[in-house]
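A.B. asks: Submitted below is the structure of interest, expressed as structure tokens.
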Amino acid sequence: MIRKLFFIIFALLLIIACKSVESDRIKKDIVGINEQLYELEKNQITSDEFLKRLSKKVADNAGIKSKKKHNNNLQELYSSGYKLFLEEKYDKALDILKKIVSRFEKDNIVDNSLFWIAESYLKLKDLKSAIGYYQILYRYFPFSDKADYSLFKIGYIYYQQKKYSKAKLAFMKLLNEYPDSDFRRSALSYNKKIKKMRRKRWKKQ
């Protein structure tokens with residue numbers, strides 16, 4: 001009886017010991033699995049970040065290429081429109097240059113296009129349209145190298161139409177806003193002429 005009891009206790013202890021060893025193994029396996037999962041997650045995060053950077057780079061390059069292509073298209077349009085102007089094909093020049101202006105971006109091609117549109121209308125004797133486009137150029141592109149010239153042309157057209165008040169206003173804007181303009185001397189000269197004409201009118205009255 002005692003021997004049987006001894007074997008039973010021994011067997012129980014052996015089972016407990018085995019379970020303890022097995023439990024330790026399971027714990028170690030769980031720790032190992034967790035470490036592997038951590039490495040996998042870490043690699044996944046690194047991969048995601050790499051993919052994000054790569055996709056951003058691809059998108060940026062595509063944007064640069066798209067912008068270059070867009071600028072090239074605008075330049076080609078402008079060149080063909082300007083060529084038509086030089087060939088005195090003003091109606092055709094207007095059609096092409098207006099395509100550039102319709103996009104109305106802050107680009108020096110646009111302000112140059114506005115100027116040659118105004119010049120084309122001037123050649124076609126459509127003075128109202130010419131003044132309108134000179135004014136758009138001056139208003140929206142005040143730092144353009146053609147802004148002061150546009151003001152001068154507005155003043156000159158009004159002067160030729162004998163609208164001296166409007167002419168003087170344009171010349172005064174040129175003198176006040178563009179003191180270093182190449183057209184300053186001409187603007188001063190026309191203002192003097194306007195003063196003389198007004199004095200003659202007053203004397204007649």
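Starting from 1 in every chain, residues are counted up; chains themselves are A, B, ... following the order of the structure tokens, and ligands are numbered from 1 as listed.
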If you count only C-alpha atoms, which residues fall within 8 Å of range 129-144 of chain A, apart from same-chain ones fewer than 2 positions away, as a ChimeraX atom specification?

C.D. replies: /A:108,111,114-115,117-122,126-127,146-148,150-151,153-154,157

A.B. asks: How would the residues just picked look written out with C-alpha atoms as a compact mmCIF listing (two decimals), in the first residue's frame?

C.D. replies:
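Result file is out-v8.txt:
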```txt
# COMPACT_ATOMS: atom_id res chain seq x y z
CA ASN A 108 5.91 86.13 -68.40
CA ASP A 111 2.06 89.23 -70.16
CA LEU A 114 -1.27 90.31 -73.74
CA PHE A 115 1.07 92.93 -75.15
CA ILE A 117 -2.65 90.99 -78.58
CA ALA A 118 -2.97 94.71 -77.83
CA GLU A 119 -0.48 95.49 -80.60
CA SER A 120 -2.41 93.30 -83.04
CA TYR A 121 -5.63 95.17 -82.26
CA LEU A 122 -3.77 98.42 -82.69
CA ASP A 126 -9.50 98.37 -83.07
CA LEU A 127 -8.33 100.96 -80.57
CA LYS A 146 6.10 95.85 -70.82
CA ALA A 147 3.84 97.41 -68.16
CA ASP A 148 5.30 100.93 -68.51
CA SER A 150 1.53 99.63 -72.09
CA LEU A 151 0.74 102.76 -70.06
CA LYS A 153 0.63 103.28 -75.49
CA ILE A 154 -2.67 103.93 -73.67
CA ILE A 157 -3.82 106.35 -78.24
```

A.B. asks: Could you pull the residues within 8 Å of Trp116 in chain A, counting only C-alpha atoms, minus those fewer than 6 positions along the same chain, as a ChimeraX atom specification?

C.D. replies: /A:82,85,97

A.B. asks: Mind the document's chain letters and residue numbers, and return as a PyMOL selection string the residues of range 131-173 of chain A that DSSP labels helix (DSSP H, G or I).

C.D. replies: chain A and resi 131-140+147-160+164-173

A.B. asks: Would you mind listing what lies within 8 Å of range 158-172 of chain A as an NGL selection string, with only C-alpha atoms counted and same-chain residues fewer than 6 positions away left out?

C.D. replies: :A and (151-152 or 187-188 or 190-191 or 194)

A.B. asks: So that I can check the surroundings of range 74-81 of chain A, please list as number ranges by chain every protein, DNA and RNA residue that reaches within 7 Å of it, counting only C-alpha atoms and ignoring chain neighbours fewer than 2 positions away.

C.D. replies: A: 70-72, 83-85, 93, 96-97, 100, 109, 113

A.B. asks: One number please: CA of Leu86 in chain A to CA of Arg185 in chain A, in Å, one decimal.

C.D. replies: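 Result for CA of Leu86 in chain A versus CA of Arg185 in chain A: 27.6 Å, one decimal.
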
A.B. asks: Just the number, please: distance in Å from CA of Lys128 in chain A to CA of Leu94 in chain A, one decimal.

C.D. replies: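 Answer for the CA of Lys128 in chain A to CA of Leu94 in chain A separation: 15.1 Å.
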
A.B. asks: Quick one, how far is CA of Arg199 in chain A from CA of Leu174 in chain A?

C.D. replies: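 Straight-line distance from CA of Arg199 in chain A to CA of Leu174 in chain A works out to 23.2 Å.
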